[in-house]
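Visitor: Dropping in structure34.cif, which is mmCIF, C-alpha atoms:
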data_model
loop_
_atom_site.label_atom_id
_atom_site.label_comp_id
_atom_site.auth_asym_id
_atom_site.auth_seq_id
_atom_site.Cartn_x
_atom_site.Cartn_y
_atom_site.Cartn_z
CA MET A 1 58.89 26.02 141.04
CA ALA A 2 59.76 26.25 137.36
CA TYR A 3 59.90 28.85 134.62
CA PHE A 4 56.80 29.48 132.54
CA GLN A 5 56.99 26.51 130.23
CA PRO A 6 57.46 26.99 126.47
CA GLY A 7 55.26 25.22 123.95
CA LYS A 8 52.07 24.93 125.99
CA PRO A 9 49.15 23.78 123.82
CA ASP A 10 46.73 26.17 125.56
CA PHE A 11 49.03 29.04 124.55
CA ASN A 12 49.22 27.76 120.97
CA TYR A 13 52.79 26.56 121.56
CA MET A 14 54.17 30.01 122.44
CA SER A 15 57.92 29.76 123.02
CA HIS A 16 59.68 32.90 121.73
CA LEU A 17 57.81 36.18 121.46
CA ILE A 18 59.21 39.40 120.03
CA LEU A 19 58.05 42.93 120.79
CA VAL A 20 57.23 44.77 117.56
CA GLY A 21 57.08 48.56 117.77
CA GLY A 22 58.21 50.89 120.55
CA ASN A 23 58.65 54.64 120.83
CA ARG A 24 59.03 55.27 117.09
CA LEU A 25 56.06 55.29 114.74
CA ASP A 26 57.78 53.19 112.09
CA SER A 27 55.65 51.08 109.80
CA TRP A 28 56.41 47.37 109.60
CA THR A 29 56.19 45.84 106.14
CA GLN A 30 56.75 42.33 104.87
CA LYS A 31 60.43 43.21 104.34
CA GLU A 32 60.96 44.12 108.01
CA PHE A 33 59.26 40.97 109.24
CA HIS A 34 61.27 38.49 107.16
CA PRO A 35 64.33 38.16 109.47
CA TYR A 36 61.98 37.68 112.45
CA VAL A 37 59.68 35.15 110.86
CA ALA A 38 62.55 33.00 109.60
CA HIS A 39 66.29 32.70 109.98
CA LEU A 40 67.79 34.11 106.78
CA ASN A 41 71.08 32.84 105.39
CA GLU A 42 73.76 35.06 103.87
CA HIS A 43 71.82 35.13 100.60
CA GLY A 44 68.62 36.35 102.25
CA LYS A 45 66.88 32.98 101.92
CA PRO A 46 65.00 31.41 104.84
CA ASP A 47 66.41 28.14 106.14
CA ASP A 48 64.42 27.73 109.39
CA TRP A 49 61.67 29.36 111.45
CA MET A 50 62.48 31.99 114.11
CA PHE A 51 59.92 33.70 116.39
CA ASP A 52 56.52 32.12 116.90
CA THR A 53 54.78 35.02 118.69
CA PHE A 54 54.61 38.75 117.85
CA ILE A 55 53.49 41.50 120.25
CA PHE A 56 52.43 44.77 118.60
CA TRP A 57 52.95 47.77 120.90
CA HIS A 58 53.62 51.52 120.65
CA TYR A 59 54.03 54.38 123.09
CA LYS A 60 51.84 56.71 121.05
CA SER A 61 49.09 56.48 118.49
CA PRO A 62 49.51 57.95 115.00
CA LYS A 63 47.21 60.75 116.26
CA GLY A 64 49.68 61.69 118.99
CA GLY A 65 47.94 60.50 122.16
CA PHE A 66 49.88 58.32 124.60
CA LEU A 67 49.03 54.63 124.71
CA TYR A 68 51.57 54.09 127.49
CA ALA A 69 51.06 54.83 131.17
CA ASP A 70 53.96 57.15 131.99
CA VAL A 71 56.79 59.28 130.67
CA ASN A 72 60.20 60.23 132.07
CA ILE A 73 60.69 63.93 132.80
CA GLY A 74 64.18 63.64 134.28
CA THR A 75 67.37 64.38 132.39
CA THR A 76 68.78 60.84 132.65
CA MET A 77 67.43 57.56 131.37
CA SER A 78 66.93 53.96 132.46
CA GLY A 79 66.27 54.64 136.12
CA GLU A 80 69.62 56.27 136.90
CA GLY A 81 70.45 59.75 138.15
CA ASP A 82 67.40 62.03 138.37
CA PHE A 83 65.21 59.76 136.22
CA TYR A 84 61.60 59.79 137.37
CA ALA A 85 58.33 59.00 135.71
CA VAL A 86 54.98 60.77 135.81
CA PRO A 87 51.61 59.87 134.26
CA ALA A 88 51.53 60.44 130.52
CA PRO A 89 50.45 64.07 129.95
CA ASN A 90 48.25 63.36 126.94
CA PRO A 91 46.59 59.96 127.45
CA GLY A 92 44.92 58.58 124.35
CA THR A 93 41.28 59.08 123.49
CA LYS A 94 38.97 56.73 121.67
CA GLU A 95 40.22 58.36 118.45
CA ASP A 96 43.81 57.40 119.38
CA TRP A 97 42.82 53.84 120.24
CA GLU A 98 41.01 53.49 116.92
CA ALA A 99 43.98 55.00 115.08
CA ILE A 100 46.42 52.39 116.36
CA LEU A 101 44.09 49.60 115.25
CA ASP A 102 43.61 51.29 111.89
CA TRP A 103 47.39 51.25 111.50
CA TYR A 104 47.82 47.64 112.61
CA PHE A 105 45.17 46.47 110.17
CA GLU A 106 46.13 48.77 107.29
CA PRO A 107 46.66 46.82 104.03
CA GLY A 108 50.31 45.96 103.51
CA LEU A 109 51.36 46.75 107.09
CA PHE A 110 51.62 44.94 110.43
CA VAL A 111 48.98 42.15 110.47
CA GLU A 112 48.79 41.70 106.71
CA ALA A 113 52.55 42.15 106.24
CA LEU A 114 53.33 39.59 108.95
CA ASP A 115 50.88 37.09 107.49
CA GLN A 116 52.39 37.59 104.03
CA ALA A 117 55.93 37.14 105.34
CA ILE A 118 54.92 33.84 106.95
CA ALA A 119 53.10 32.75 103.78
CA GLU A 120 56.15 33.46 101.62
CA THR A 121 58.39 31.55 104.02
CA ALA A 122 55.96 28.63 104.06
CA THR A 123 56.35 28.22 100.28
CA LEU A 124 60.03 27.41 100.90
CA LEU A 125 60.01 25.68 104.29
CA GLY A 126 56.51 24.21 104.34
CA ALA A 127 53.82 25.44 106.69
CA PRO A 128 54.87 25.92 110.33
CA ASP A 129 53.72 23.30 112.84
CA SER A 130 51.18 25.78 114.22
CA ARG A 131 49.97 29.22 113.26
CA ARG A 132 52.17 32.04 114.53
CA ASN A 133 50.74 33.98 117.48
CA LEU A 134 49.70 37.63 117.47
CA VAL A 135 49.36 39.61 120.71
CA VAL A 136 47.98 43.17 120.62
CA THR A 137 48.73 45.75 123.30
CA ILE A 138 45.78 47.24 125.15
CA PRO A 139 46.33 51.01 125.46
CA TYR A 140 46.67 52.14 129.05
CA PRO A 141 43.50 54.03 130.09
CA GLY A 142 45.26 57.05 131.57
CA PRO A 143 43.61 58.21 134.82
CA SER A 144 43.96 61.90 133.90
CA GLN A 145 41.81 61.42 130.77
CA THR A 146 38.45 63.14 131.39
CA GLN A 147 37.21 63.11 127.77
CA PHE A 148 37.95 59.68 126.35
CA GLY A 149 34.96 59.64 124.02
CA VAL A 150 31.53 58.08 123.72
CA LEU A 151 30.82 54.34 124.01
CA ASN A 152 27.27 53.00 124.02
CA GLY A 153 25.88 56.51 124.35
CA LYS A 154 27.99 57.39 127.42
CA ARG A 155 30.93 59.79 127.65
CA LEU A 156 33.73 58.00 129.44
CA ASN A 157 35.81 59.72 132.09
CA PHE A 158 38.86 57.80 133.39
CA SER A 159 39.59 60.31 136.16
CA THR A 160 38.16 60.93 139.61
CA THR A 161 37.32 64.49 138.60
CA GLY A 162 33.60 64.85 139.28
CA GLN A 163 33.12 61.18 140.20
CA ASN A 164 34.35 58.52 142.59
CA LEU A 165 37.08 55.94 141.97
CA ASP A 166 34.60 53.13 141.37
CA ARG A 167 32.92 54.98 138.51
CA ALA A 168 36.25 56.03 136.98
CA THR A 169 37.55 52.46 137.08
CA ARG A 170 34.37 51.07 135.53
CA ASP A 171 34.73 53.56 132.68
CA ARG A 172 38.33 52.44 132.19
CA LEU A 173 37.21 48.81 132.15
CA GLN A 174 34.46 49.56 129.61
CA ALA A 175 36.98 51.19 127.28
CA THR A 176 39.48 48.31 127.49
CA GLN A 177 36.71 45.77 126.90
CA TRP A 178 35.63 47.72 123.84
CA PHE A 179 39.23 47.67 122.56
CA VAL A 180 39.38 43.89 123.02
CA ASP A 181 36.13 43.43 121.10
CA GLU A 182 37.22 45.80 118.34
CA THR A 183 40.52 43.95 117.92
CA LEU A 184 38.72 40.62 117.72
CA ARG A 185 36.30 42.00 115.14
CA ARG A 186 39.04 43.42 112.95
CA PHE A 187 41.15 40.28 113.19
CA GLU A 188 38.19 38.14 112.13
CA ASN A 189 37.47 40.45 109.19
CA ALA A 190 41.14 40.39 108.13
CA SER A 191 41.14 36.56 108.19
CA PRO A 192 44.94 36.05 108.17
CA VAL A 193 45.90 32.55 107.09
CA TYR A 194 48.94 31.96 109.27
CA LEU A 195 48.16 34.03 112.38
CA HIS A 196 46.37 33.11 115.59
CA LEU A 197 45.23 35.93 117.88
CA LEU A 198 46.59 34.60 121.16
CA GLY A 199 45.56 37.55 123.27
CA PHE A 200 46.55 40.91 124.67
CA TYR A 201 49.49 42.61 126.38
CA TRP A 202 49.37 45.01 129.35
CA THR A 203 52.31 47.41 129.18
CA PHE A 204 52.29 49.26 132.52
CA GLU A 205 55.07 47.48 134.37
CA THR A 206 53.55 47.60 137.82
CA VAL A 207 50.04 47.14 139.20
CA HIS A 208 49.04 50.48 140.70
CA LYS A 209 46.43 51.42 143.28
CA SER A 210 45.97 54.80 144.95
CA TRP A 211 43.20 57.20 145.92
CA ASP A 212 42.45 57.91 142.26
CA VAL A 213 43.71 54.79 140.37
CA ASP A 214 42.77 51.14 140.79
CA ASP A 215 44.59 48.91 138.33
CA HIS A 216 44.13 45.89 140.63
CA TRP A 217 40.35 45.63 140.19
CA LEU A 218 40.59 46.70 136.55
CA LEU A 219 43.05 43.94 135.66
CA LYS A 220 41.11 41.23 137.49
CA GLU A 221 37.94 42.12 135.64
CA LEU A 222 39.68 42.66 132.31
CA ARG A 223 41.46 39.33 132.49
CA ARG A 224 38.16 37.58 133.25
CA TYR A 225 36.64 39.26 130.19
CA ILE A 226 39.58 38.31 127.94
CA ASN A 227 39.59 34.71 129.15
CA ALA A 228 35.86 34.46 128.41
CA LYS A 229 36.80 35.23 124.79
CA ASP A 230 39.29 32.33 124.92
CA LYS A 231 42.25 34.73 124.84
CA LYS A 232 45.20 35.37 127.16
CA LEU A 233 46.56 38.43 129.00
CA LEU A 234 50.36 38.84 129.10
CA TRP A 235 52.69 41.06 131.14
CA ILE A 236 56.44 41.88 131.08
CA PRO A 237 57.43 43.87 134.22
CA PHE A 238 60.85 45.28 135.00
CA TYR A 239 63.05 43.75 137.69
CA SER A 240 62.35 45.28 141.11
CA SER A 241 61.46 43.96 144.54
CA TYR A 242 57.89 45.26 144.22
CA ASN A 243 57.27 43.66 140.84
CA ILE A 244 58.78 40.39 142.05
CA HIS A 245 56.23 40.50 144.86
CA LEU A 246 53.45 41.05 142.30
CA LEU A 247 54.60 37.96 140.43
CA ASP A 248 53.84 35.83 143.49
CA ASP A 249 50.84 33.75 142.41
CA TYR A 250 50.17 36.24 139.59
CA ARG A 251 48.25 33.66 137.57
CA SER A 252 45.57 33.53 140.26
CA TYR A 253 44.86 37.23 139.86
CA TYR A 254 46.02 39.39 136.99
CA PHE A 255 47.79 37.65 134.10
CA ASP A 256 47.94 34.35 132.25
CA ALA A 257 51.67 34.63 131.53
CA ALA A 258 54.39 36.98 132.73
CA PHE A 259 58.03 37.53 131.74
CA LEU A 260 60.54 39.28 133.97
CA GLN A 261 62.98 41.83 132.54
CA PRO A 262 66.49 41.37 134.01
CA ASN A 263 67.39 45.00 132.99
CA TYR A 264 71.07 44.01 133.03
CA MET A 265 71.39 45.56 129.57
CA PHE A 266 70.56 49.05 130.88
CA TYR A 267 71.51 49.46 134.54
CA LYS A 268 75.08 49.79 135.75
CA HIS A 269 74.24 48.68 139.29
CA ILE A 270 72.70 45.40 138.05
CA GLU A 271 75.68 43.08 137.84
CA ASP A 272 74.19 39.94 136.31
CA VAL A 273 71.05 38.23 134.98
CA LYS A 274 71.18 35.66 137.79
CA ASP A 275 68.84 37.28 140.31
CA ALA A 276 66.12 37.94 137.76
CA ALA A 277 66.43 34.42 136.37
CA LEU A 278 66.08 32.83 139.80
CA ALA A 279 63.18 35.12 140.71
CA ALA A 280 61.35 34.22 137.49
CA ARG A 281 61.92 30.49 137.98
CA GLN A 282 60.62 30.65 141.54
CA ARG A 283 57.40 32.32 140.36
CA ASN A 284 56.52 30.42 137.18
CA ALA A 285 57.44 33.39 134.98
CA GLY A 286 59.46 33.59 131.79
CA ILE A 287 62.52 35.74 131.08
CA GLU A 288 62.92 38.67 128.70
CA MET A 289 66.05 38.85 126.55
CA GLU A 290 67.10 42.48 126.05
CA TYR A 291 69.13 43.75 123.13
CA TYR A 292 69.36 46.94 121.09
CA SER A 293 71.33 47.92 118.01
CA THR A 294 70.60 51.64 118.26
CA LEU A 295 69.43 53.50 121.33
CA ASP A 296 68.32 57.13 121.53
CA GLU A 297 68.67 57.15 125.32
CA PRO A 298 72.12 57.73 126.86
CA ILE A 299 72.92 55.08 129.48
CA GLN A 300 76.03 54.43 131.55
CA VAL A 301 76.68 50.96 130.13
CA GLN A 302 76.25 51.81 126.46
CA ASN A 303 79.78 50.67 125.57
CA GLU A 304 79.17 47.30 127.26
CA ARG A 305 76.19 46.43 125.06
CA LEU A 306 77.57 43.34 123.31
CA ARG A 307 79.34 41.97 126.37
CA ARG A 308 76.17 42.30 128.39
CA PHE A 309 74.05 40.64 125.72
CA ASP A 310 76.51 37.74 125.68
CA ARG A 311 75.74 37.33 129.37
CA TYR A 312 72.01 37.00 128.62
CA LEU A 313 72.87 34.22 126.17
CA GLU A 314 75.28 32.52 128.59
CA GLY A 315 72.72 32.83 131.39
CA GLY A 316 70.23 30.88 129.30
CA ILE A 317 72.55 27.89 129.59
CA GLU A 318 73.77 28.47 133.16
CA PHE A 319 70.33 29.14 134.66
CA GLY A 320 68.35 26.90 132.35
CA TYR A 321 66.01 29.38 130.72
CA MET A 322 67.23 28.67 127.17
CA LYS A 323 65.49 25.29 127.25
CA GLU A 324 63.13 25.48 130.21
CA SER A 325 61.42 28.86 129.77
CA ALA A 326 59.23 30.68 127.31
CA ILE A 327 61.18 33.79 126.29
CA ALA A 328 60.18 37.36 125.45
CA TRP A 329 62.59 39.40 123.32
CA PHE A 330 63.08 43.18 123.40
CA ASP A 331 65.32 44.48 120.59
CA GLY A 332 64.71 48.22 120.87
CA GLY A 333 62.64 48.38 117.70
CA LYS A 334 63.78 46.58 114.51
CA GLY A 335 67.05 45.68 116.23
CA ILE A 336 67.13 42.16 114.84
CA TYR A 337 66.32 43.47 111.36
CA HIS A 338 69.32 45.83 111.64
CA LEU A 339 71.47 42.98 112.99
CA TYR A 340 70.81 40.87 109.93
CA HIS A 341 71.75 43.76 107.63
CA HIS A 342 74.67 45.00 109.76
CA PRO A 343 77.89 45.68 107.80
CA ASN A 344 80.08 44.72 110.77
CA PRO A 345 80.53 40.92 110.88
CA ALA A 346 80.94 41.02 114.67
CA GLU A 347 77.49 42.59 115.02
CA ARG A 348 76.00 40.48 112.23
CA GLY A 349 77.06 37.35 114.09
CA TYR A 350 74.60 38.05 116.88
CA TYR A 351 71.73 37.43 114.50
CA ASP A 352 72.91 33.84 114.17
CA LYS A 353 73.55 33.59 117.92
CA ILE A 354 69.93 34.55 118.57
CA TYR A 355 68.76 31.93 116.09
CA ARG A 356 70.88 29.25 117.76
CA PHE A 357 69.54 30.28 121.18
CA ILE A 358 65.96 29.99 119.91
CA ASN A 359 66.76 26.53 118.57
CA GLN A 360 68.52 25.55 121.80
CA ASN A 361 71.85 24.78 120.20
CA LEU A 362 73.86 27.81 121.32
CA ILE A 363 77.46 26.94 122.22
CA ILE A 364 79.40 29.44 124.32
CA ILE A 365 83.10 29.56 123.50
#
Step by step, read the file and then write its structure as structure tokens.
Guide:
Amino acid sequence: MAYFQPGKPDFNYMSHLILVGGNRLDSWTQKEFHPYVAHLNEHGKPDDWMFDTFIFWHYKSPKGGFLYADVNIGTTMSGEGDFYAVPAPNPGTKEDWEAILDWYFEPGLFVEALDQAIAETATLLGAPDSRRNLVVTIPYPGPSQTQFGVLNGKRLNFSTTGQNLDRATRDRLQATQWFVDETLRRFENASPVYLHLLGFYWTFETVHKSWDVDDHWLLKELRRYINAKDKKLLWIPFYSSYNIHLLDDYRSYYFDAAFLQPNYMFYKHIEDVKDAALAARQRNAGIEMEYYSTLDEPIQVQNERLRRFDRYLEGGIEFGYMKESAIAWFDGGKGIYHLYHHPNPAERGYYDKIYRFINQNLIII
């Protein structure tokens, strides 16, 4: 097998995608997007293109409801110690789902800001070879949500309270289909010049089925619906034996493209990126590069951050994913922006390393 190939025409040449957002409700303006859209030199001027695909995602809506599936209620982070996750206690309603789209399509922010950053860069570098890709996260329809809101005259209930699992799952599907349609409508109305809406991102990092949740059927039907709109469904699961199993033949069932997180950046017991790289290559998946400049969560390997990120870069050469794989990038939320503006030259240098990796001319010394 091979990694998920970069530059596929049916994915509008997606090669390097960056996650935009996270657990902080920070607005993204044209200024924040500039060091992602293009490589900036020491004078702040673009000299080459950087990321070609941008995934918008957030844990919560501006209204406060969770758009993510679960939360950690342990005292430790990143899967160590007594870390354990439970379903999000306040899953988003229709109002929350509308609020995140309102924010993404607000004048001067997110979609418009990204399009403007690309347009400004194009005046100096010429238009990119293809429009840059936008991927929007579908909020997770939390199975404890009994009062999502009204769609087509019906009050949707995502839970099995007062109804069977089939009915609850069909309500969850109806809500996610509505979100897809609403995103498409707003994108068409916004008419960005340099952006192509490639598709949607599913954030829950496993595919769950139990007595009261059926994400398997939901995802199969949702993907069929998205593909009928000529869009793609993407996934970026964490490294675990169960998720590796789910990646077996994943393109026949749930997702059009998947990227595997090595998690070497966060877990002390994970000793290298090798196993994740080999697992991804065996299953036609891509790899996620993981970096952060600031992290609110205490982890055991915090002081090894730069050394571990160097290993991700080295692994791209050793295991072939720098040239052979489409790559997802997690930077903890504006991490690359902070890298470019970092006062420490040692940290600032990683901005250029990332650029060289993207352009496949990284040299490890």
Visitor: Can you give me, as a list in words, the residues this file yields under the PyMOL selection byres ((chain A and resi 12) around 10)?
Guide: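 Going through the file, the PyMOL selection byres ((chain A and resi 12) around 10) ends up selecting Pro6, Gly7, Lys8, Pro9, Asp10, Phe11, Tyr13, Met14, Ser15, Asp52, Thr53, Ser130, Arg131, Arg132, Asn133, His196, Leu197 and Leu198 of chain A.
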Visitor: Generate a file of the selected residues that holds C-alpha atoms, formatted as an mmCIF file, keeping the file's coordinate frame.
Guide:
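Written out: part_9.cif:
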data_model
loop_
_atom_site.group_PDB
_atom_site.id
_atom_site.type_symbol
_atom_site.label_atom_id
_atom_site.label_comp_id
_atom_site.auth_asym_id
_atom_site.auth_seq_id
_atom_site.Cartn_x
_atom_site.Cartn_y
_atom_site.Cartn_z
ATOM 1 C CA PRO A 6 57.460 26.990 126.470
ATOM 2 C CA GLY A 7 55.260 25.220 123.950
ATOM 3 C CA LYS A 8 52.070 24.930 125.990
ATOM 4 C CA PRO A 9 49.150 23.780 123.820
ATOM 5 C CA ASP A 10 46.730 26.170 125.560
ATOM 6 C CA PHE A 11 49.030 29.040 124.550
ATOM 7 C CA TYR A 13 52.790 26.560 121.560
ATOM 8 C CA MET A 14 54.170 30.010 122.440
ATOM 9 C CA SER A 15 57.920 29.760 123.020
ATOM 10 C CA ASP A 52 56.520 32.120 116.900
ATOM 11 C CA THR A 53 54.780 35.020 118.690
ATOM 12 C CA SER A 130 51.180 25.780 114.220
ATOM 13 C CA ARG A 131 49.970 29.220 113.260
ATOM 14 C CA ARG A 132 52.170 32.040 114.530
ATOM 15 C CA ASN A 133 50.740 33.980 117.480
ATOM 16 C CA HIS A 196 46.370 33.110 115.590
ATOM 17 C CA LEU A 197 45.230 35.930 117.880
ATOM 18 C CA LEU A 198 46.590 34.600 121.160
#
Visitor: Here's the selection I'm unsure about, the PyMOL selection byres ((chain A and resi 95) around 10); applied to the file above, which residues does it give, as a short mmCIF file (atom, residue, chain, number, x, y, z; two decimals) with C-alpha atoms, in the coordinates of the input?
Guide:
data_model
loop_
_atom_site.label_atom_id
_atom_site.label_comp_id
_atom_site.auth_asym_id
_atom_site.auth_seq_id
_atom_site.Cartn_x
_atom_site.Cartn_y
_atom_site.Cartn_z
CA SER A 61 49.09 56.48 118.49
CA PRO A 62 49.51 57.95 115.00
CA LYS A 63 47.21 60.75 116.26
CA GLY A 65 47.94 60.50 122.16
CA GLY A 92 44.92 58.58 124.35
CA THR A 93 41.28 59.08 123.49
CA LYS A 94 38.97 56.73 121.67
CA ASP A 96 43.81 57.40 119.38
CA TRP A 97 42.82 53.84 120.24
CA GLU A 98 41.01 53.49 116.92
CA ALA A 99 43.98 55.00 115.08
CA ILE A 100 46.42 52.39 116.36
CA PHE A 148 37.95 59.68 126.35
CA GLY A 149 34.96 59.64 124.02
#
Visitor: Given the point (30.9, 59.2, 129.1) in the coordinates of this file, which residues lie within 12 Å, counting only C-alpha atoms, and how would they look as a list in words?
Guide: Thr93, Lys94, Gln145, Thr146, Gln147, Phe148, Gly149, Val150, Leu151, Asn152, Gly153, Lys154, Arg155, Leu156, Asn157, Phe158, Ser159, Gly162, Gln163, Arg167, Ala168, Arg170, Asp171, Arg172, Gln174 and Ala175 of chain A
Visitor: Quick one: apply the PyMOL selection byres ((chain A and resi 140) around 10) to the file and drop the selected residues here as a tab-separated table (two decimals) with C-alpha atoms, keeping the file's coordinate frame.
Guide:
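This went into selection_6.tsv:
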chain	number	residue	atom	x	y	z
A	59	TYR	CA	54.03	54.38	123.09
A	66	PHE	CA	49.88	58.32	124.60
A	67	LEU	CA	49.03	54.63	124.71
A	68	TYR	CA	51.57	54.09	127.49
A	69	ALA	CA	51.06	54.83	131.17
A	70	ASP	CA	53.96	57.15	131.99
A	88	ALA	CA	51.53	60.44	130.52
A	91	PRO	CA	46.59	59.96	127.45
A	92	GLY	CA	44.92	58.58	124.35
A	97	TRP	CA	42.82	53.84	120.24
A	137	THR	CA	48.73	45.75	123.30
A	138	ILE	CA	45.78	47.24	125.15
A	139	PRO	CA	46.33	51.01	125.46
A	141	PRO	CA	43.50	54.03	130.09
A	142	GLY	CA	45.26	57.05	131.57
A	143	PRO	CA	43.61	58.21	134.82
A	172	ARG	CA	38.33	52.44	132.19
A	175	ALA	CA	36.98	51.19	127.28
A	176	THR	CA	39.48	48.31	127.49
A	202	TRP	CA	49.37	45.01	129.35
A	203	THR	CA	52.31	47.41	129.18
A	204	PHE	CA	52.29	49.26	132.52
Visitor: Using all atoms listed in the file, pick whichever of A:Thr29, A:Gln5, A:Ser191, A:Thr206 has the shortest atom-to-atom distance to Arg283 of chain A.
Guide: A:Gln5
Visitor: What gap, in Å, lies between atom CA of Arg305 of chain A and atom CA of His58 of chain A?
Guide: 23.6 Å
Visitor: For Leu233 of chain A, please output as number ranges by chain all residues within 8 Å (counting all atoms listed in the file; exclusion window: fewer than 5 positions along the same chain).
Guide: A: 199-202, 223, 226-227, 255-257
Visitor: Residues of the last selection are to be written out with C-alpha atoms, as a PDB file, keeping the file's coordinate frame.
Guide:
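Saved file result.pdb follows:
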ATOM      1  CA  GLY A 199      45.560  37.550 123.270  1.00  0.00           C
ATOM      2  CA  PHE A 200      46.550  40.910 124.670  1.00  0.00           C
ATOM      3  CA  TYR A 201      49.490  42.610 126.380  1.00  0.00           C
ATOM      4  CA  TRP A 202      49.370  45.010 129.350  1.00  0.00           C
ATOM      5  CA  ARG A 223      41.460  39.330 132.490  1.00  0.00           C
ATOM      6  CA  ILE A 226      39.580  38.310 127.940  1.00  0.00           C
ATOM      7  CA  ASN A 227      39.590  34.710 129.150  1.00  0.00           C
ATOM      8  CA  PHE A 255      47.790  37.650 134.100  1.00  0.00           C
ATOM      9  CA  ASP A 256      47.940  34.350 132.250  1.00  0.00           C
ATOM     10  CA  ALA A 257      51.670  34.630 131.530  1.00  0.00           C
TER      11      ALA A 257
END
Visitor: Given all atoms listed in the file as the basis, pick out the residue of A:Leu362, A:Val180, A:Ile118, A:Leu40 nearest to Arg348 of chain A.
Guide: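 Of A:Leu362, A:Val180, A:Ile118, A:Leu40, the one nearest Arg348 of chain A, counting all atoms listed in the file, is A:Leu40.
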